[in-house]
file upload-v1.tsv (TSV, C-alpha atoms)
chain	number	residue	atom	x	y	z
A	3	MET	CA	37.15	-14.49	-13.75
A	4	ILE	CA	38.84	-17.93	-13.67
A	5	ASP	CA	42.48	-18.29	-12.62
A	6	ILE	CA	43.51	-21.39	-14.54
A	7	LYS	CA	46.65	-21.76	-12.41
A	8	LYS	CA	44.55	-22.09	-9.25
A	9	THR	CA	41.99	-24.48	-10.71
A	10	GLY	CA	44.27	-26.61	-12.86
A	11	SER	CA	44.92	-29.18	-10.10
A	12	ILE	CA	41.24	-29.70	-9.23
A	13	ASN	CA	39.60	-32.86	-10.52
A	14	THR	CA	37.21	-32.16	-13.37
A	15	PRO	CA	34.40	-31.68	-14.05
A	16	PHE	CA	33.52	-29.07	-11.44
A	17	TYR	CA	31.42	-25.95	-11.08
A	18	PHE	CA	33.33	-22.73	-10.57
A	19	TYR	CA	31.40	-19.92	-8.90
A	20	ASP	CA	32.55	-16.32	-9.24
A	21	MET	CA	31.40	-15.09	-5.83
A	22	GLU	CA	32.45	-11.51	-6.55
A	23	LEU	CA	30.07	-11.45	-9.53
A	24	LEU	CA	27.33	-13.02	-7.39
A	25	ASP	CA	27.80	-10.24	-4.82
A	26	ARG	CA	27.60	-7.58	-7.54
A	27	THR	CA	24.42	-9.18	-8.88
A	28	LEU	CA	22.80	-9.39	-5.45
A	29	GLN	CA	23.72	-5.79	-4.70
A	30	ALA	CA	22.19	-4.67	-8.01
A	31	ILE	CA	18.93	-6.45	-7.15
A	32	LYS	CA	18.90	-5.07	-3.62
A	33	GLU	CA	19.41	-1.49	-4.82
A	34	GLU	CA	16.40	-1.74	-7.14
A	35	THR	CA	14.08	-3.56	-4.76
A	36	VAL	CA	14.88	-1.19	-1.87
A	37	LYS	CA	14.32	1.78	-4.19
A	38	TYR	CA	10.76	0.69	-4.91
A	39	GLY	CA	9.93	-1.19	-1.72
A	40	PHE	CA	9.70	-4.53	-3.52
A	41	THR	CA	10.45	-7.95	-1.99
A	42	GLU	CA	12.59	-10.58	-3.74
A	43	HIS	CA	12.18	-14.29	-2.95
A	44	TYR	CA	15.11	-16.14	-4.55
A	45	ALA	CA	13.87	-19.19	-6.53
A	46	ILE	CA	15.90	-21.97	-4.96
A	47	LYS	CA	15.22	-24.38	-7.83
A	48	ALA	CA	17.78	-22.42	-9.90
A	49	ASN	CA	20.70	-23.32	-7.63
A	50	ALA	CA	20.52	-24.92	-4.19
A	51	ASN	CA	24.24	-25.09	-3.40
A	52	PRO	CA	24.46	-24.36	0.38
A	53	THR	CA	27.21	-21.76	-0.03
A	54	ILE	CA	25.22	-19.96	-2.74
A	55	LEU	CA	22.08	-20.06	-0.56
A	56	LYS	CA	23.85	-18.68	2.50
A	57	THR	CA	25.28	-15.82	0.43
A	58	ILE	CA	21.88	-14.89	-0.99
A	59	ALA	CA	20.21	-15.15	2.42
A	60	SER	CA	22.80	-12.75	3.85
A	61	TYR	CA	21.34	-9.99	1.65
A	62	GLY	CA	17.98	-10.31	3.39
A	63	PHE	CA	16.13	-11.82	0.45
A	64	GLY	CA	13.30	-14.28	0.90
A	65	ALA	CA	13.06	-17.71	-0.71
A	66	ASP	CA	10.72	-19.23	-3.29
A	67	CYS	CA	10.49	-22.98	-2.70
A	68	VAL	CA	8.85	-25.74	-4.74
A	69	SER	CA	9.47	-28.70	-2.43
A	70	GLY	CA	9.76	-29.61	1.21
A	71	GLY	CA	13.47	-30.23	0.70
A	72	GLU	CA	13.91	-26.67	-0.57
A	73	ILE	CA	12.07	-25.30	2.48
A	74	ILE	CA	14.44	-27.19	4.77
A	75	ALA	CA	17.46	-26.01	2.76
A	76	ALA	CA	16.22	-22.41	2.89
A	77	VAL	CA	15.77	-22.47	6.66
A	78	ASN	CA	19.17	-24.12	7.16
A	79	ALA	CA	20.82	-21.47	4.96
A	80	GLY	CA	19.41	-18.62	7.05
A	81	PHE	CA	16.40	-17.46	5.06
A	82	GLU	CA	13.74	-16.07	7.38
A	83	PRO	CA	10.66	-18.35	7.39
A	84	SER	CA	8.52	-15.19	7.32
A	85	LYS	CA	9.93	-14.55	3.81
A	86	ILE	CA	9.52	-18.09	2.40
A	87	VAL	CA	6.80	-18.85	-0.16
A	88	PHE	CA	5.87	-22.38	-1.21
A	89	ALA	CA	4.71	-23.02	-4.79
A	90	GLY	CA	4.12	-26.07	-6.95
A	91	VAL	CA	1.22	-28.03	-8.42
A	92	GLY	CA	1.90	-31.20	-6.42
A	93	LYS	CA	2.58	-30.43	-2.77
A	94	ALA	CA	2.76	-33.68	-0.76
A	95	ASP	CA	1.24	-33.82	2.72
A	96	TRP	CA	4.63	-33.99	4.45
A	97	GLU	CA	5.79	-30.95	2.48
A	98	ILE	CA	2.72	-28.98	3.52
A	99	GLU	CA	3.31	-30.02	7.13
A	100	THR	CA	6.96	-28.95	6.87
A	101	ALA	CA	5.92	-25.54	5.58
A	102	ILE	CA	3.33	-25.06	8.33
A	103	ASP	CA	5.69	-26.25	11.06
A	104	ASN	CA	8.28	-23.71	9.90
A	105	ASN	CA	5.73	-20.86	9.88
A	106	ILE	CA	6.46	-19.81	6.30
A	107	PHE	CA	5.01	-16.61	4.82
A	108	CYS	CA	2.49	-18.21	2.47
A	109	PHE	CA	1.46	-20.99	0.11
A	110	ASN	CA	0.89	-20.30	-3.59
A	111	ILE	CA	-2.32	-22.24	-4.29
A	112	GLU	CA	-2.63	-23.95	-7.70
A	113	SER	CA	-5.86	-26.01	-7.52
A	114	LEU	CA	-9.08	-26.50	-5.56
A	115	PRO	CA	-8.05	-29.96	-4.29
A	116	GLU	CA	-4.94	-28.32	-2.85
A	117	VAL	CA	-7.16	-25.79	-1.05
A	118	GLU	CA	-8.98	-28.63	0.69
A	119	VAL	CA	-5.82	-30.47	1.71
A	120	ILE	CA	-3.96	-27.43	3.09
A	121	ASP	CA	-7.04	-26.35	5.03
A	122	GLN	CA	-7.40	-29.82	6.56
A	123	ILE	CA	-3.74	-30.14	7.53
A	124	ALA	CA	-3.64	-26.62	8.97
A	125	GLY	CA	-6.80	-27.39	10.95
A	126	LYS	CA	-5.27	-30.51	12.47
A	127	LYS	CA	-2.34	-28.40	13.61
A	128	GLY	CA	-4.62	-25.68	14.98
A	129	LYS	CA	-3.13	-23.06	12.68
A	130	THR	CA	-4.32	-20.52	10.13
A	131	VAL	CA	-1.99	-20.17	7.15
A	132	ASN	CA	-1.57	-17.46	4.51
A	133	VAL	CA	-2.31	-18.40	0.91
A	134	GLU	CA	-2.10	-16.69	-2.45
A	135	ILE	CA	-3.80	-17.90	-5.61
A	136	ARG	CA	-1.48	-18.61	-8.51
A	137	VAL	CA	-3.37	-17.16	-11.45
A	138	ASN	CA	-2.74	-18.33	-15.00
A	139	PRO	CA	-2.97	-15.03	-16.93
A	140	ASN	CA	-2.75	-16.65	-20.40
A	141	VAL	CA	0.19	-14.40	-21.32
A	142	ASP	CA	2.60	-15.77	-23.93
A	143	ALA	CA	6.18	-15.24	-22.75
A	144	HIS	CA	7.59	-16.28	-26.17
A	145	THR	CA	10.13	-18.57	-24.56
A	146	HIS	CA	10.99	-22.27	-24.90
A	147	ALA	CA	7.92	-24.55	-24.83
A	148	LYS	CA	9.35	-26.54	-21.92
A	149	ILE	CA	9.68	-23.50	-19.64
A	150	THR	CA	6.53	-21.55	-20.44
A	151	THR	CA	4.04	-21.55	-17.57
A	152	GLY	CA	1.45	-18.83	-18.17
A	153	LEU	CA	-0.80	-20.24	-20.91
A	154	ASN	CA	-4.17	-21.94	-20.49
A	155	GLU	CA	-2.67	-25.17	-21.81
A	156	ASN	CA	-0.04	-25.31	-19.03
A	157	LYS	CA	-0.50	-27.33	-15.83
A	158	PHE	CA	0.16	-24.37	-13.56
A	159	GLY	CA	-2.22	-22.07	-11.74
A	160	ILE	CA	-5.91	-21.20	-11.83
A	161	ASN	CA	-7.33	-20.05	-15.17
A	162	LEU	CA	-9.02	-16.65	-15.10
A	163	PRO	CA	-12.62	-17.91	-15.60
A	164	GLN	CA	-12.19	-20.19	-12.55
A	165	LEU	CA	-10.83	-17.47	-10.27
A	166	PRO	CA	-14.09	-16.13	-8.70
A	167	SER	CA	-15.14	-19.63	-7.64
A	168	VAL	CA	-11.71	-20.40	-6.17
A	169	ILE	CA	-11.72	-17.13	-4.21
A	170	GLU	CA	-15.09	-18.05	-2.70
A	171	GLN	CA	-13.91	-21.54	-1.80
A	172	ILE	CA	-10.78	-20.27	-0.07
A	173	LYS	CA	-12.65	-17.60	1.87
A	174	SER	CA	-15.00	-20.29	3.18
A	175	LYS	CA	-12.11	-22.25	4.70
A	176	PRO	CA	-11.55	-21.55	8.43
A	177	ASN	CA	-7.82	-22.28	8.38
A	178	LEU	CA	-6.83	-20.29	5.27
A	179	ASN	CA	-6.13	-16.57	5.05
A	180	LEU	CA	-6.26	-15.33	1.46
A	181	ILE	CA	-3.73	-12.49	1.15
A	182	GLY	CA	-2.92	-12.13	-2.53
A	183	LEU	CA	-2.47	-13.25	-6.11
A	184	HIS	CA	0.59	-14.85	-7.69
A	185	PHE	CA	1.64	-14.81	-11.35
A	186	HIS	CA	4.53	-16.46	-13.19
A	187	ILE	CA	4.50	-16.61	-16.98
A	188	GLY	CA	7.72	-18.49	-17.75
A	189	SER	CA	11.49	-18.39	-17.71
A	190	GLN	CA	14.39	-16.90	-19.70
A	191	ILE	CA	12.25	-13.97	-20.89
A	192	THR	CA	14.42	-11.36	-22.61
A	193	ASP	CA	11.69	-9.28	-24.21
A	194	LEU	CA	10.29	-7.06	-21.46
A	195	LYS	CA	7.14	-6.60	-23.53
A	196	ALA	CA	5.92	-9.89	-22.05
A	197	PHE	CA	6.05	-8.36	-18.57
A	198	GLU	CA	4.24	-5.26	-19.84
A	199	ASN	CA	1.49	-7.55	-21.13
A	200	LEU	CA	1.37	-9.26	-17.75
A	201	CYS	CA	0.94	-5.91	-15.99
A	202	SER	CA	-1.96	-5.04	-18.30
A	203	VAL	CA	-3.73	-8.31	-17.56
A	204	VAL	CA	-3.16	-7.91	-13.81
A	205	ALA	CA	-4.45	-4.32	-13.90
A	206	GLU	CA	-7.64	-5.36	-15.65
A	207	LEU	CA	-8.13	-8.28	-13.26
A	208	LEU	CA	-7.60	-6.19	-10.12
A	209	ASN	CA	-10.01	-3.53	-11.37
A	210	GLU	CA	-12.67	-6.18	-11.99
A	211	LEU	CA	-12.18	-7.74	-8.55
A	212	GLU	CA	-12.11	-4.43	-6.69
A	213	ALA	CA	-15.36	-3.45	-8.43
A	214	LYS	CA	-16.82	-6.52	-6.70
A	215	GLY	CA	-15.37	-5.50	-3.36
A	216	ILE	CA	-12.48	-7.98	-3.51
A	217	SER	CA	-8.98	-6.64	-2.82
A	218	PHE	CA	-5.61	-8.12	-1.94
A	219	SER	CA	-2.66	-6.85	0.08
A	220	ASN	CA	-0.02	-8.86	-1.83
A	221	ILE	CA	0.76	-9.21	-5.53
A	222	ASN	CA	3.54	-11.64	-6.58
A	223	PHE	CA	4.79	-11.26	-10.15
A	224	GLY	CA	7.00	-14.34	-10.05
A	225	GLY	CA	10.27	-14.25	-11.99
A	226	GLY	CA	11.38	-15.13	-15.49
A	227	LEU	CA	13.86	-12.38	-16.34
A	228	GLY	CA	16.39	-13.79	-18.80
A	229	VAL	CA	20.18	-13.61	-19.01
A	230	ASP	CA	22.65	-13.26	-21.88
A	231	TYR	CA	23.94	-16.75	-22.72
A	232	GLN	CA	25.63	-15.55	-25.92
A	233	TYR	CA	27.83	-12.81	-24.40
A	234	PRO	CA	28.29	-13.45	-20.67
A	235	ASP	CA	31.27	-11.10	-20.32
A	236	THR	CA	29.49	-8.24	-22.10
A	237	ASN	CA	26.31	-8.53	-20.03
A	238	PRO	CA	27.17	-10.18	-16.70
A	239	ILE	CA	24.40	-8.33	-14.84
A	240	PRO	CA	20.83	-8.83	-16.15
A	241	ALA	CA	18.51	-5.90	-16.88
A	242	PHE	CA	17.32	-5.42	-13.30
A	243	LYS	CA	16.93	-1.65	-13.59
A	244	GLU	CA	14.63	-1.87	-16.58
A	245	TYR	CA	12.77	-4.87	-15.16
A	246	PHE	CA	11.88	-3.38	-11.79
A	247	ALA	CA	11.27	0.10	-13.25
A	248	LEU	CA	8.66	-1.44	-15.57
A	249	PHE	CA	6.64	-2.72	-12.62
A	250	ASN	CA	7.13	0.48	-10.66
A	251	ALA	CA	5.61	2.39	-13.57
A	252	LYS	CA	2.35	0.71	-12.59
A	253	SER	CA	2.49	2.36	-9.16
A	254	ASP	CA	-1.10	3.62	-9.40
A	255	LEU	CA	-2.29	0.06	-9.90
A	256	LEU	CA	-0.13	-1.29	-7.09
A	257	LYS	CA	-0.53	1.55	-4.61
A	258	GLY	CA	-0.79	0.30	-1.05
A	259	LYS	CA	0.07	-3.29	-1.98
A	260	SER	CA	3.12	-5.37	-1.08
A	261	ILE	CA	4.86	-6.35	-4.33
A	262	HIS	CA	6.89	-9.56	-4.56
A	263	PHE	CA	9.18	-11.21	-7.13
A	264	GLU	CA	10.77	-14.65	-7.46
A	265	LEU	CA	13.89	-14.26	-9.60
A	266	GLY	CA	16.15	-17.31	-9.79
A	267	ARG	CA	18.07	-17.72	-13.05
A	268	ALA	CA	18.82	-13.99	-13.24
A	269	VAL	CA	20.42	-14.13	-9.79
A	270	VAL	CA	22.87	-17.00	-10.26
A	271	ALA	CA	23.26	-17.97	-13.93
A	272	GLN	CA	26.21	-15.78	-14.86
A	273	CYS	CA	28.30	-16.50	-11.74
A	274	GLY	CA	28.58	-20.21	-12.52
A	275	THR	CA	30.82	-21.97	-15.05
A	276	LEU	CA	31.21	-25.69	-15.67
A	277	ILE	CA	34.90	-26.56	-16.02
A	278	SER	CA	35.76	-29.73	-17.91
A	279	ARG	CA	38.86	-31.33	-19.37
A	280	VAL	CA	39.35	-32.60	-22.91
A	281	LEU	CA	39.70	-36.37	-23.01
A	282	TYR	CA	40.15	-36.80	-26.75
A	283	VAL	CA	40.07	-34.87	-29.99
A	284	LYS	CA	38.42	-37.11	-32.57
A	285	GLU	CA	38.79	-36.49	-36.29
A	286	GLY	CA	35.68	-37.69	-38.13
A	287	GLU	CA	35.06	-37.65	-41.86
A	288	VAL	CA	32.66	-34.72	-41.52
A	289	LYS	CA	33.18	-33.38	-38.00
A	290	LYS	CA	35.95	-32.76	-35.52
A	291	PHE	CA	34.91	-33.63	-31.97
A	292	ALA	CA	36.24	-32.27	-28.68
A	293	ILE	CA	35.26	-35.02	-26.23
A	294	LEU	CA	35.04	-33.78	-22.64
A	295	ASP	CA	34.96	-35.52	-19.28
A	296	ALA	CA	31.74	-33.60	-18.50
A	297	GLY	CA	28.44	-34.82	-19.88
A	298	PHE	CA	24.74	-34.04	-19.62
A	299	THR	CA	24.87	-35.61	-16.17
A	300	ASP	CA	26.74	-32.46	-15.15
A	301	LEU	CA	24.84	-29.91	-17.28
A	302	ILE	CA	21.61	-31.15	-18.84
A	303	ARG	CA	20.28	-27.91	-20.35
A	304	PRO	CA	21.73	-28.36	-23.87
A	305	ALA	CA	20.37	-31.92	-24.09
A	306	MET	CA	16.97	-31.13	-22.57
A	307	TYR	CA	16.25	-27.68	-24.00
A	308	ASP	CA	18.68	-27.37	-26.93
A	309	ALA	CA	20.06	-24.56	-24.80
A	310	TYR	CA	23.04	-22.48	-25.91
A	311	HIS	CA	26.04	-21.96	-23.60
A	312	HIS	CA	29.14	-20.02	-24.61
A	313	ILE	CA	32.17	-22.37	-24.63
A	314	GLU	CA	35.83	-21.36	-24.24
A	315	ASN	CA	39.17	-23.14	-24.29
A	316	LEU	CA	40.98	-21.83	-21.21
A	317	SER	CA	44.25	-23.57	-22.08
A	318	SER	CA	44.92	-22.18	-25.53
A	319	ASN	CA	45.16	-18.97	-27.52
A	320	GLY	CA	45.98	-20.86	-30.69
A	321	LYS	CA	44.38	-20.69	-34.09
A	322	GLN	CA	40.60	-21.01	-34.27
A	323	GLU	CA	39.10	-24.34	-35.28
A	324	VAL	CA	35.55	-25.69	-35.42
A	325	TYR	CA	34.41	-28.53	-33.16
A	326	ASP	CA	31.37	-30.33	-31.93
A	327	VAL	CA	31.85	-30.21	-28.16
A	328	VAL	CA	30.48	-33.43	-26.70
A	329	GLY	CA	30.45	-35.52	-23.54
A	330	PRO	CA	31.12	-39.20	-22.76
A	331	ILE	CA	27.53	-40.29	-22.02
A	332	CYS	CA	26.14	-43.13	-24.15
A	333	GLU	CA	23.42	-40.93	-25.63
A	334	SER	CA	23.45	-39.01	-28.92
A	335	SER	CA	21.99	-36.00	-27.11
A	336	ASP	CA	25.13	-35.62	-24.98
A	337	VAL	CA	26.29	-32.55	-26.92
A	338	PHE	CA	27.19	-29.16	-25.43
A	339	GLY	CA	27.53	-27.35	-28.73
A	340	LYS	CA	27.79	-28.07	-32.44
A	341	ASP	CA	30.08	-26.27	-34.88
A	342	ARG	CA	31.69	-24.18	-32.15
A	343	THR	CA	34.77	-22.10	-32.93
A	344	LEU	CA	37.43	-22.58	-30.25
A	345	SER	CA	41.13	-22.03	-29.89
A	346	ALA	CA	42.78	-25.24	-31.14
A	347	VAL	CA	41.95	-28.04	-28.69
A	348	GLN	CA	44.17	-30.85	-27.50
A	349	ARG	CA	43.95	-33.58	-24.87
A	350	GLY	CA	44.11	-32.15	-21.34
A	351	ASP	CA	42.87	-28.64	-22.18
A	352	LEU	CA	40.45	-27.03	-19.73
A	353	ILE	CA	37.12	-26.07	-21.28
A	354	ALA	CA	34.74	-23.53	-19.73
A	355	ILE	CA	31.00	-23.81	-20.35
A	356	ARG	CA	29.67	-20.43	-19.29
A	357	THR	CA	26.45	-19.11	-17.72
A	358	ALA	CA	25.90	-22.45	-15.97
A	359	GLY	CA	25.08	-21.18	-12.48
A	360	ALA	CA	21.33	-21.73	-12.95
A	361	TYR	CA	19.87	-25.20	-13.56
A	362	GLY	CA	23.34	-26.68	-13.79
A	363	GLU	CA	24.69	-28.23	-10.60
A	364	VAL	CA	21.19	-28.48	-9.12
A	365	MET	CA	20.01	-30.71	-12.02
A	366	ALA	CA	23.09	-32.93	-12.10
A	367	SER	CA	22.56	-36.70	-11.90
A	368	GLU	CA	24.50	-39.92	-11.45
A	369	TYR	CA	23.28	-41.51	-14.67
A	370	ASN	CA	25.84	-44.04	-15.99
A	371	LEU	CA	26.96	-44.18	-12.32
A	372	ARG	CA	28.98	-41.03	-12.82
A	373	LYS	CA	30.07	-38.93	-9.86
A	374	LEU	CA	28.33	-35.64	-9.19
A	375	PRO	CA	30.43	-32.56	-10.01
A	376	THR	CA	32.03	-30.70	-7.13
A	377	ALA	CA	31.81	-26.95	-6.52
A	378	VAL	CA	34.69	-24.48	-6.26
A	379	PHE	CA	34.29	-20.87	-5.12
A	380	SER	CA	36.45	-17.92	-6.18
A	381	ASN	CA	36.74	-16.56	-2.66
A	382	ARG	CA	38.08	-19.87	-1.37
A	383	LEU	CA	40.89	-20.38	-3.89

call {"tool": "encode", "arguments": {"input": "upload-v1.tsv", "output": "structure tokens"}}
result
Amino acid sequence: MIDIKKTGSINTPFYFYDMELLDRTLQAIKEETVKYGFTEHYAIKANANPTILKTIASYGFGADCVSGGEIIAAVNAGFEPSKIVFAGVGKADWEIETAIDNNIFCFNIESLPEVEVIDQIAGKKGKTVNVEIRVNPNVDAHTHAKITTGLNENKFGINLPQLPSVIEQIKSKPNLNLIGLHFHIGSQITDLKAFENLCSVVAELLNELEAKGISFSNINFGGGLGVDYQYPDTNPIPAFKEYFALFNAKSDLLKGKSIHFELGRAVVAQCGTLISRVLYVKEGEVKKFAILDAGFTDLIRPAMYDAYHHIENLSSNGKQEVYDVVGPICESSDVFGKDRTLSAVQRGDLIAIRTAGAYGEVMASEYNLRKLPTAVFSNRL
């Protein structure tokens, strides 16, 4: 995966992207979506590196955007505007205008006030735009509280009891064309039972609506498929076959409809690794610390979500020792892993923090006036 001889002279910290693995992942998704006639819109929030985006766009996938900046990045990377969807609870006027001006596929509507604003802006531009309603199905994804999105208590989407009224309101708007429903129940979901539950809720909802003479041409199931953070080498490709087959099993329910997905993490997580160098090995009274030159400014997931990332010492095959792997930021939360067993660490060793391709580089900051990490690609070494 990582040729330490080729990366050893590069200033750390940096993100290393295994582009061969990314290609394998994209091909695996394409094989499954083509098999069933599904459409994938890559969730740009997971990783917006221009080289990554251009690679994904080259496979013909669409894009799922949650900001005007992401729409611009998607268009610049080569994603077809006719395959771009725009989601988010707080779309600013300029972002809505950007989406309309670029003739994107559709907006995912999340509130009645948003319905009014998009209709008004589209009217001023003399355009009719496609919209889908993001429905909150109240399905528990059993994932981290900070990344669950499908419960009544979450800020996202329209709750089921409100749906009939929202449908009527949208249909009354002259500049909106209601084409479908959108669902997204959360992220890093490894138990496919959650998606089975989602399908059951959607089936019941569609049956109720069709009994009232209301039907839709598009159903968007969002994303959320998880990856293996514990054993990235054992499971580098997520369970795409099982995931897409599960939805295809509901073919009677979905017959004649265009089915869409918005995978993000599952596409890019495993291809990315944060590479850092050991600054110091500190012997405490209770702990031994491996202090890196990377901090939560470079990878915030462990600090924000208590997220696990597999950590390796690329420079040593020595005896195993236990360390707290920490960064230099002046915050106690700047910890990548506690009580981690690594090959004996010394100053200057290169440390790999794995499965960092999603929500890593894209969430990096310049807190403490630190420089942003650079990106290195396997096919350019």

call {"tool": "atom_distance", "arguments": {"input": "upload-v1.tsv", "atom1": "CA of Thr130 (chain A)", "atom2": "CA of Asn177 (chain A)"}}
result
4.3 Å

call {"tool": "residues_around", "arguments": {"input": "upload-v1.tsv", "residues": "Val77 (chain A)", "least_positions_apart": "6", "cutoff": "10 Å", "atoms": "only C-alpha atoms", "output": "VMD selection string"}}
result
chain A and resid 55 to 56 59 65 83 86 104 106

call {"tool": "atom_distance", "arguments": {"input": "upload-v1.tsv", "atom1": "CA of Val91 (chain A)", "atom2": "CA of Glu112 (chain A)"}}
result
5.7 Å

call {"tool": "atom_distance", "arguments": {"input": "upload-v1.tsv", "atom1": "CA of Glu34 (chain A)", "atom2": "CA of Ile111 (chain A)"}}
result
27.9 Å

call {"tool": "closest_residue", "arguments": {"input": "upload-v1.tsv", "among": "A:Leu207, A:Ile135, A:Ile74, A:Ile191", "to": "Asn179 (chain A)", "atoms": "only C-alpha atoms"}}
result
A:Ile135

call {"tool": "residues_near_point", "arguments": {"input": "upload-v1.tsv", "point": "(30.9, -22.1, -15.1)", "cutoff": "8 Å", "atoms": "only C-alpha atoms", "output": "PyMOL selection string"}}
result
chain A and resi 17-19+272-277+354-359

call {"tool": "closest_residue", "arguments": {"input": "upload-v1.tsv", "among": "A:His311, A:Arg279, A:Lys289, A:Arg382", "to": "Gln348 (chain A)", "atoms": "all atoms listed in the file"}}
result
A:Arg279

call {"tool": "residues_around", "arguments": {"input": "upload-v1.tsv", "residues": "Ala89 (chain A)", "least_positions_apart": "4", "cutoff": "10 Å", "atoms": "all atoms listed in the file", "output": "PyMOL selection string"}}
result
chain A and resi 66-69+93+108-112+134-136+158-159+184

call {"tool": "residues_near_point", "arguments": {"input": "upload-v1.tsv", "point": "(14.2, -15.5, -10.4)", "cutoff": "8 Å", "atoms": "only C-alpha atoms", "output": "list in words"}}
result
His43, Tyr44, Ala45, Ala48, Gly224, Gly225, Gly226, Leu227, Phe263, Glu264, Leu265, Gly266, Arg267, Ala268 and Val269 of chain A

call {"tool": "residues_around", "arguments": {"input": "upload-v1.tsv", "residues": "Val203 (chain A)", "least_positions_apart": "2", "cutoff": "12 Å", "atoms": "only C-alpha atoms", "output": "mmCIF file with C-alpha atoms, in the coordinates of the input"}}
result
data_model
loop_
_atom_site.group_PDB
_atom_site.id
_atom_site.type_symbol
_atom_site.label_atom_id
_atom_site.label_comp_id
_atom_site.auth_asym_id
_atom_site.auth_seq_id
_atom_site.Cartn_x
_atom_site.Cartn_y
_atom_site.Cartn_z
ATOM 1 C CA VAL A 137 -3.370 -17.160 -11.450
ATOM 2 C CA ASN A 138 -2.740 -18.330 -15.000
ATOM 3 C CA PRO A 139 -2.970 -15.030 -16.930
ATOM 4 C CA ASN A 140 -2.750 -16.650 -20.400
ATOM 5 C CA VAL A 141 0.190 -14.400 -21.320
ATOM 6 C CA ASP A 142 2.600 -15.770 -23.930
ATOM 7 C CA GLY A 152 1.450 -18.830 -18.170
ATOM 8 C CA LEU A 162 -9.020 -16.650 -15.100
ATOM 9 C CA PHE A 185 1.640 -14.810 -11.350
ATOM 10 C CA ILE A 187 4.500 -16.610 -16.980
ATOM 11 C CA ALA A 196 5.920 -9.890 -22.050
ATOM 12 C CA PHE A 197 6.050 -8.360 -18.570
ATOM 13 C CA GLU A 198 4.240 -5.260 -19.840
ATOM 14 C CA ASN A 199 1.490 -7.550 -21.130
ATOM 15 C CA LEU A 200 1.370 -9.260 -17.750
ATOM 16 C CA CYS A 201 0.940 -5.910 -15.990
ATOM 17 C CA ALA A 205 -4.450 -4.320 -13.900
ATOM 18 C CA GLU A 206 -7.640 -5.360 -15.650
ATOM 19 C CA LEU A 207 -8.130 -8.280 -13.260
ATOM 20 C CA LEU A 208 -7.600 -6.190 -10.120
ATOM 21 C CA ASN A 209 -10.010 -3.530 -11.370
ATOM 22 C CA GLU A 210 -12.670 -6.180 -11.990
ATOM 23 C CA PHE A 223 4.790 -11.260 -10.150
ATOM 24 C CA LYS A 252 2.350 0.710 -12.590
ATOM 25 C CA LEU A 255 -2.290 0.060 -9.900
#

call {"tool": "closest_residue", "arguments": {"input": "upload-v1.tsv", "among": "A:Asp336, A:Glu170, A:Glu244, A:Glu99", "to": "Pro304 (chain A)", "atoms": "all atoms listed in the file"}}
result
A:Asp336

call {"tool": "axis_aligned_box", "arguments": {"input": "upload-v1.tsv", "around": "region 336-345 of chain A", "padding_each_side": "5 Å", "output": "AutoDock Vina command-line options"}}
result
--center_x 33.1 --center_y -28.8 --center_z -29.9 --size_x 26.0 --size_y 23.6 --size_z 19.9

call {"tool": "residues_around", "arguments": {"input": "upload-v1.tsv", "residues": "Asp300 (chain A)", "least_positions_apart": "5", "cutoff": "10 Å", "atoms": "only C-alpha atoms", "output": "compact mmCIF listing (two decimals) with C-alpha atoms, in the frame of the given file"}}
result
# COMPACT_ATOMS: atom_id res chain seq x y z
CA PRO A 15 34.40 -31.68 -14.05
CA PHE A 16 33.52 -29.07 -11.44
CA TYR A 17 31.42 -25.95 -11.08
CA LEU A 276 31.21 -25.69 -15.67
CA SER A 278 35.76 -29.73 -17.91
CA ASP A 295 34.96 -35.52 -19.28
CA GLY A 329 30.45 -35.52 -23.54
CA GLY A 362 23.34 -26.68 -13.79
CA GLU A 363 24.69 -28.23 -10.60
CA VAL A 364 21.19 -28.48 -9.12
CA MET A 365 20.01 -30.71 -12.02
CA ALA A 366 23.09 -32.93 -12.10
CA SER A 367 22.56 -36.70 -11.90
CA GLU A 368 24.50 -39.92 -11.45
CA TYR A 369 23.28 -41.51 -14.67
CA ARG A 372 28.98 -41.03 -12.82
CA LYS A 373 30.07 -38.93 -9.86
CA LEU A 374 28.33 -35.64 -9.19
CA PRO A 375 30.43 -32.56 -10.01
CA THR A 376 32.03 -30.70 -7.13

call {"tool": "residues_around", "arguments": {"input": "upload-v1.tsv", "residues": "Tyr282 (chain A)", "least_positions_apart": "6", "cutoff": "8 Å", "atoms": "all atoms listed in the file", "output": "ChimeraX atom specification"}}
result
/A:292-294,348-349

call {"tool": "closest_residue", "arguments": {"input": "upload-v1.tsv", "among": "A:Leu344, A:Ala377, A:Ile181, A:Ile54", "to": "Ser219 (chain A)", "atoms": "all atoms listed in the file"}}
result
A:Ile181

call {"tool": "closest_residue", "arguments": {"input": "upload-v1.tsv", "among": "A:Phe338, A:Gln322, A:Lys290, A:Asn220", "to": "Tyr307 (chain A)", "atoms": "only C-alpha atoms"}}
result
A:Phe338

call {"tool": "closest_residue", "arguments": {"input": "upload-v1.tsv", "among": "A:Ala305, A:Ile353, A:Val280, A:Leu165", "to": "Ser334 (chain A)", "atoms": "only C-alpha atoms"}}
result
A:Ala305
